[in-house]
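Asks: Contents of input_32.csv (CSV, C-alpha atoms) are below:
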```csv
chain,number,residue,atom,x,y,z
S,1,MET,CA,-63.5,6.7,-17.8
S,2,SER,CA,-60.5,7.8,-19.8
S,3,TYR,CA,-58.6,5.5,-22.2
S,4,ARG,CA,-54.9,4.7,-21.8
S,5,PRO,CA,-52.5,5.1,-24.7
S,6,TYR,CA,-50.2,2.3,-25.8
S,7,LEU,CA,-47.7,2.9,-28.6
S,8,GLU,CA,-46.9,-0.2,-30.5
S,9,PRO,CA,-43.3,-0.9,-31.3
S,10,SER,CA,-43.9,0.0,-35.0
S,11,ALA,CA,-45.1,3.5,-33.9
S,12,LEU,CA,-42.2,4.0,-31.6
S,13,ARG,CA,-39.8,3.2,-34.5
S,14,GLN,CA,-41.6,5.7,-36.7
S,15,MET,CA,-41.1,8.4,-34.1
S,16,SER,CA,-37.3,8.4,-34.8
S,17,GLY,CA,-36.4,11.9,-36.1
S,18,LEU,CA,-39.7,13.4,-35.3
S,19,PRO,CA,-39.3,17.2,-35.0
S,20,GLU,CA,-39.8,18.6,-31.5
S,21,GLN,CA,-42.9,20.5,-32.5
S,22,ALA,CA,-44.5,17.5,-34.1
S,23,PHE,CA,-43.7,15.4,-31.0
S,24,ASP,CA,-45.5,18.0,-28.8
S,25,MET,CA,-48.5,17.9,-31.2
S,26,LEU,CA,-48.5,14.1,-31.1
S,27,VAL,CA,-48.6,14.0,-27.2
S,28,THR,CA,-51.4,16.6,-27.1
S,29,LEU,CA,-53.4,14.8,-29.8
S,30,ILE,CA,-53.1,11.4,-28.1
S,31,ALA,CA,-54.1,12.9,-24.7
S,32,ARG,CA,-57.3,14.3,-26.4
S,33,ILE,CA,-58.0,11.0,-28.2
S,34,CYS,CA,-57.8,9.2,-24.8
S,35,GLU,CA,-60.5,11.5,-23.5
S,36,ASN,CA,-62.9,10.5,-26.3
S,37,PRO,CA,-61.5,8.4,-29.2
S,38,TYR,CA,-64.6,8.8,-31.3
S,39,ASP,CA,-64.7,12.6,-31.2
S,40,PRO,CA,-64.9,13.6,-34.9
S,41,VAL,CA,-63.0,16.8,-34.1
S,42,PHE,CA,-59.8,14.8,-33.4
S,43,SER,CA,-60.2,11.6,-35.4
S,44,ALA,CA,-62.0,9.9,-38.2
S,45,PRO,CA,-63.0,6.3,-39.0
S,46,THR,CA,-60.9,4.4,-41.5
S,47,GLY,CA,-63.5,1.9,-42.7
S,48,VAL,CA,-62.1,-0.8,-40.5
S,49,PRO,CA,-64.0,-1.3,-37.2
S,50,ARG,CA,-62.5,0.4,-34.2
S,51,ARG,CA,-59.6,1.8,-36.3
S,52,ARG,CA,-59.3,5.5,-36.7
S,53,VAL,CA,-57.0,8.1,-38.1
S,54,ALA,CA,-56.0,11.5,-36.6
S,55,ASP,CA,-54.4,14.4,-38.3
S,56,LEU,CA,-51.2,16.0,-37.1
S,57,GLY,CA,-51.6,19.1,-39.2
S,58,ASP,CA,-48.7,19.7,-41.6
S,59,PHE,CA,-46.7,16.9,-39.8
S,60,GLY,CA,-48.7,13.9,-40.9
S,61,PHE,CA,-51.2,11.5,-39.3
S,62,VAL,CA,-51.6,8.8,-36.7
S,63,VAL,CA,-53.5,5.5,-37.1
S,64,PHE,CA,-54.8,3.9,-34.0
S,65,ALA,CA,-57.2,1.2,-32.8
S,66,VAL,CA,-59.8,1.6,-30.0
S,67,ASP,CA,-60.1,-1.3,-27.6
S,68,ASP,CA,-63.3,-0.5,-25.7
S,69,ASP,CA,-63.1,-3.6,-23.5
S,70,SER,CA,-59.8,-2.6,-21.9
S,71,TYR,CA,-60.1,1.2,-22.5
S,72,LEU,CA,-56.9,1.2,-24.5
S,73,ILE,CA,-55.8,3.3,-27.5
S,74,ARG,CA,-53.3,1.3,-29.5
S,75,VAL,CA,-51.3,3.6,-31.7
S,76,PHE,CA,-49.6,1.5,-34.4
S,77,ASP,CA,-48.8,3.8,-37.3
S,78,LEU,CA,-47.3,7.3,-37.5
S,79,ALA,CA,-46.8,8.8,-40.9
S,80,TRP,CA,-45.1,12.1,-40.9
S,81,THR,CA,-43.9,14.4,-43.7
S,82,GLY,CA,-40.6,15.4,-42.3
```
Represent the supplied structure as structure tokens.
Replies:
Amino acid sequence: MSYRPYLEPSALRQMSGLPEQAFDMLVTLIARICENPYDPVFSAPTGVPRRRVADLGDFGFVVFAVDDDSYLIRVFDLAWTG
């Protein structure tokens, strides 16, 4: 079963001004994370249970939490370098 993404209001606010190319990367990355949020190719643990970080290349990174009970990926922090 695939996970569903949920962007917290904080992440939505941080998307303001995100370059088009970075937005495309973000959408692709979140789709891949929803297929397997624990895949080490796309994300890494942060030291906090169920919380992971994913790299957006030169654009920054995304921090998200995995809710295995409801199959939900909660994206709550987006740090970008632009």
Asks: Find the residue from S:Trp80, S:Tyr71, S:Tyr38, S:Tyr3 that sits nearest to Met25 (chain S); use all atoms listed in the file when measuring.
Replies: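 Among S:Trp80, S:Tyr71, S:Tyr38, S:Tyr3, it is S:Trp80 that comes nearest to Met25 (chain S).
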Asks: Compute the distance from (-54.5, 8.6, -33.5) to each atom, counting all atoms listed in the file, keep the residues with any atom at most 9 Å away, and return them as a list in words; use the coordinates of the file.
Replies: Leu26, Leu29, Ile30, Ile33, Pro37, Phe42, Ser43, Ala44, Arg51, Arg52, Val53, Ala54, Asp55, Leu56, Phe61, Val62, Val63, Phe64, Ala65, Ile73, Arg74, Val75, Phe76, Asp77 and Leu78 of chain S
Asks: Using C-alpha atoms, can you write the selected residues to a file as a short mmCIF file (atom, residue, chain, number, x, y, z; two decimals), in the coordinates of the input?
Replies:
```cif
data_model
loop_
_atom_site.label_atom_id
_atom_site.label_comp_id
_atom_site.auth_asym_id
_atom_site.auth_seq_id
_atom_site.Cartn_x
_atom_site.Cartn_y
_atom_site.Cartn_z
CA LEU S 26 -48.50 14.10 -31.10
CA LEU S 29 -53.40 14.80 -29.80
CA ILE S 30 -53.10 11.40 -28.10
CA ILE S 33 -58.00 11.00 -28.20
CA PRO S 37 -61.50 8.40 -29.20
CA PHE S 42 -59.80 14.80 -33.40
CA SER S 43 -60.20 11.60 -35.40
CA ALA S 44 -62.00 9.90 -38.20
CA ARG S 51 -59.60 1.80 -36.30
CA ARG S 52 -59.30 5.50 -36.70
CA VAL S 53 -57.00 8.10 -38.10
CA ALA S 54 -56.00 11.50 -36.60
CA ASP S 55 -54.40 14.40 -38.30
CA LEU S 56 -51.20 16.00 -37.10
CA PHE S 61 -51.20 11.50 -39.30
CA VAL S 62 -51.60 8.80 -36.70
CA VAL S 63 -53.50 5.50 -37.10
CA PHE S 64 -54.80 3.90 -34.00
CA ALA S 65 -57.20 1.20 -32.80
CA ILE S 73 -55.80 3.30 -27.50
CA ARG S 74 -53.30 1.30 -29.50
CA VAL S 75 -51.30 3.60 -31.70
CA PHE S 76 -49.60 1.50 -34.40
CA ASP S 77 -48.80 3.80 -37.30
CA LEU S 78 -47.30 7.30 -37.50
#
```
Asks: When you count all atoms listed in the file, which of these residues is closest to Ser70 (chain S): S:Arg13, S:Arg32, S:Arg50, S:Arg4?
Replies: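 Result for the nearest residue to Ser70 (chain S): S:Arg4.
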Asks: Contacts of Ala22 (chain S) at 10 Å or less, counting only C-alpha atoms, minus same-chain residues fewer than 4 places along, as number ranges by chain?
Replies: S: 15, 18, 26-28, 56-60, 80, 82
Asks: Please report the interatomic distance between CA of Cys34 (chain S) and CA of Pro5 (chain S) in Å with one decimal.
Replies: 6.7 Å
Asks: Between CA of Pro19 (chain S) and CA of Thr81 (chain S), what distance in Å does the model show, to one decimal?
Replies: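 Going from CA of Pro19 (chain S) over to CA of Thr81 (chain S) covers 10.2 Å.
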Asks: Counting only C-alpha atoms, which of S:Val41, S:Val66, S:Ala31, S:Leu72 gets nearest to Tyr6 (chain S)?
Replies: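 Nearest candidate to Tyr6 (chain S) out of S:Val41, S:Val66, S:Ala31, S:Leu72: S:Leu72.
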Asks: Taking all atoms listed in the file into account, name the residue in S:Leu7, S:Leu12, S:Met1, S:Val48 that is nearest to Asp68 (chain S).
Replies: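 Comparing S:Leu7, S:Leu12, S:Met1, S:Val48 against Asp68 (chain S), the winner is S:Met1.
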Asks: Can you measure CA of Asp67 (chain S) to CA of Gln14 (chain S) for me? One decimal in Å is fine.
Replies: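 Computing it gives 21.8 Å between the two atoms.
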Asks: My structure is short of atoms at region 41-62 of chain S; please model N, CA and C atoms there, returning them as a PDB file, in the frame of the given file.
Replies:
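What ended up in part-v3.pdb:
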```
ATOM      1  N   VAL S  41     -63.871  15.623 -34.045  1.00  0.00           N
ATOM      2  CA  VAL S  41     -63.000  16.800 -34.100  1.00  0.00           C
ATOM      3  C   VAL S  41     -61.522  16.341 -34.190  1.00  0.00           C
ATOM      4  N   PHE S  42     -61.207  15.238 -33.508  1.00  0.00           N
ATOM      5  CA  PHE S  42     -59.800  14.800 -33.400  1.00  0.00           C
ATOM      6  C   PHE S  42     -59.470  13.552 -34.196  1.00  0.00           C
ATOM      7  N   SER S  43     -60.477  12.781 -34.623  1.00  0.00           N
ATOM      8  CA  SER S  43     -60.200  11.600 -35.400  1.00  0.00           C
ATOM      9  C   SER S  43     -61.335  11.196 -36.290  1.00  0.00           C
ATOM     10  N   ALA S  44     -61.029  10.349 -37.268  1.00  0.00           N
ATOM     11  CA  ALA S  44     -62.000   9.900 -38.200  1.00  0.00           C
ATOM     12  C   ALA S  44     -61.933   8.406 -38.435  1.00  0.00           C
ATOM     13  N   PRO S  45     -63.049   7.773 -38.780  1.00  0.00           N
ATOM     14  CA  PRO S  45     -63.000   6.300 -39.000  1.00  0.00           C
ATOM     15  C   PRO S  45     -62.213   6.022 -40.310  1.00  0.00           C
ATOM     16  N   THR S  46     -61.671   4.816 -40.376  1.00  0.00           N
ATOM     17  CA  THR S  46     -60.900   4.400 -41.500  1.00  0.00           C
ATOM     18  C   THR S  46     -61.644   3.415 -42.421  1.00  0.00           C
ATOM     19  N   GLY S  47     -62.803   2.953 -41.961  1.00  0.00           N
ATOM     20  CA  GLY S  47     -63.500   1.900 -42.700  1.00  0.00           C
ATOM     21  C   GLY S  47     -63.309   0.541 -42.078  1.00  0.00           C
ATOM     22  N   VAL S  48     -62.330   0.434 -41.192  1.00  0.00           N
ATOM     23  CA  VAL S  48     -62.100  -0.800 -40.500  1.00  0.00           C
ATOM     24  C   VAL S  48     -62.629  -0.592 -39.047  1.00  0.00           C
ATOM     25  N   PRO S  49     -63.459  -1.510 -38.545  1.00  0.00           N
ATOM     26  CA  PRO S  49     -64.000  -1.300 -37.200  1.00  0.00           C
ATOM     27  C   PRO S  49     -63.003  -1.009 -36.145  1.00  0.00           C
ATOM     28  N   ARG S  50     -63.316  -0.027 -35.340  1.00  0.00           N
ATOM     29  CA  ARG S  50     -62.500   0.400 -34.200  1.00  0.00           C
ATOM     30  C   ARG S  50     -61.144   1.030 -34.624  1.00  0.00           C
ATOM     31  N   ARG S  51     -60.862   1.148 -35.891  1.00  0.00           N
ATOM     32  CA  ARG S  51     -59.600   1.800 -36.300  1.00  0.00           C
ATOM     33  C   ARG S  51     -59.899   3.166 -36.814  1.00  0.00           C
ATOM     34  N   ARG S  52     -59.074   4.111 -36.364  1.00  0.00           N
ATOM     35  CA  ARG S  52     -59.300   5.500 -36.700  1.00  0.00           C
ATOM     36  C   ARG S  52     -57.989   6.187 -37.080  1.00  0.00           C
ATOM     37  N   VAL S  53     -58.117   7.352 -37.678  1.00  0.00           N
ATOM     38  CA  VAL S  53     -57.000   8.100 -38.100  1.00  0.00           C
ATOM     39  C   VAL S  53     -57.120   9.547 -37.518  1.00  0.00           C
ATOM     40  N   ALA S  54     -55.999  10.112 -37.096  1.00  0.00           N
ATOM     41  CA  ALA S  54     -56.000  11.500 -36.600  1.00  0.00           C
ATOM     42  C   ALA S  54     -54.923  12.283 -37.260  1.00  0.00           C
ATOM     43  N   ASP S  55     -55.266  13.495 -37.570  1.00  0.00           N
ATOM     44  CA  ASP S  55     -54.400  14.400 -38.300  1.00  0.00           C
ATOM     45  C   ASP S  55     -53.433  15.123 -37.403  1.00  0.00           C
ATOM     46  N   LEU S  56     -52.173  15.189 -37.821  1.00  0.00           N
ATOM     47  CA  LEU S  56     -51.200  16.000 -37.100  1.00  0.00           C
ATOM     48  C   LEU S  56     -50.831  17.248 -37.845  1.00  0.00           C
ATOM     49  N   GLY S  57     -51.810  17.808 -38.492  1.00  0.00           N
ATOM     50  CA  GLY S  57     -51.600  19.100 -39.200  1.00  0.00           C
ATOM     51  C   GLY S  57     -50.624  18.856 -40.372  1.00  0.00           C
ATOM     52  N   ASP S  58     -49.686  19.757 -40.506  1.00  0.00           N
ATOM     53  CA  ASP S  58     -48.700  19.700 -41.600  1.00  0.00           C
ATOM     54  C   ASP S  58     -47.659  18.573 -41.345  1.00  0.00           C
ATOM     55  N   PHE S  59     -47.687  17.939 -40.179  1.00  0.00           N
ATOM     56  CA  PHE S  59     -46.700  16.900 -39.800  1.00  0.00           C
ATOM     57  C   PHE S  59     -47.019  15.529 -40.283  1.00  0.00           C
ATOM     58  N   GLY S  60     -48.292  15.223 -40.483  1.00  0.00           N
ATOM     59  CA  GLY S  60     -48.700  13.900 -40.900  1.00  0.00           C
ATOM     60  C   GLY S  60     -49.932  13.405 -40.224  1.00  0.00           C
ATOM     61  N   PHE S  61     -49.990  12.109 -39.908  1.00  0.00           N
ATOM     62  CA  PHE S  61     -51.200  11.500 -39.300  1.00  0.00           C
ATOM     63  C   PHE S  61     -50.803  10.323 -38.434  1.00  0.00           C
ATOM     64  N   VAL S  62     -51.748   9.939 -37.579  1.00  0.00           N
ATOM     65  CA  VAL S  62     -51.600   8.800 -36.700  1.00  0.00           C
ATOM     66  C   VAL S  62     -52.757   7.850 -36.924  1.00  0.00           C
TER      67      VAL S  62
END
```
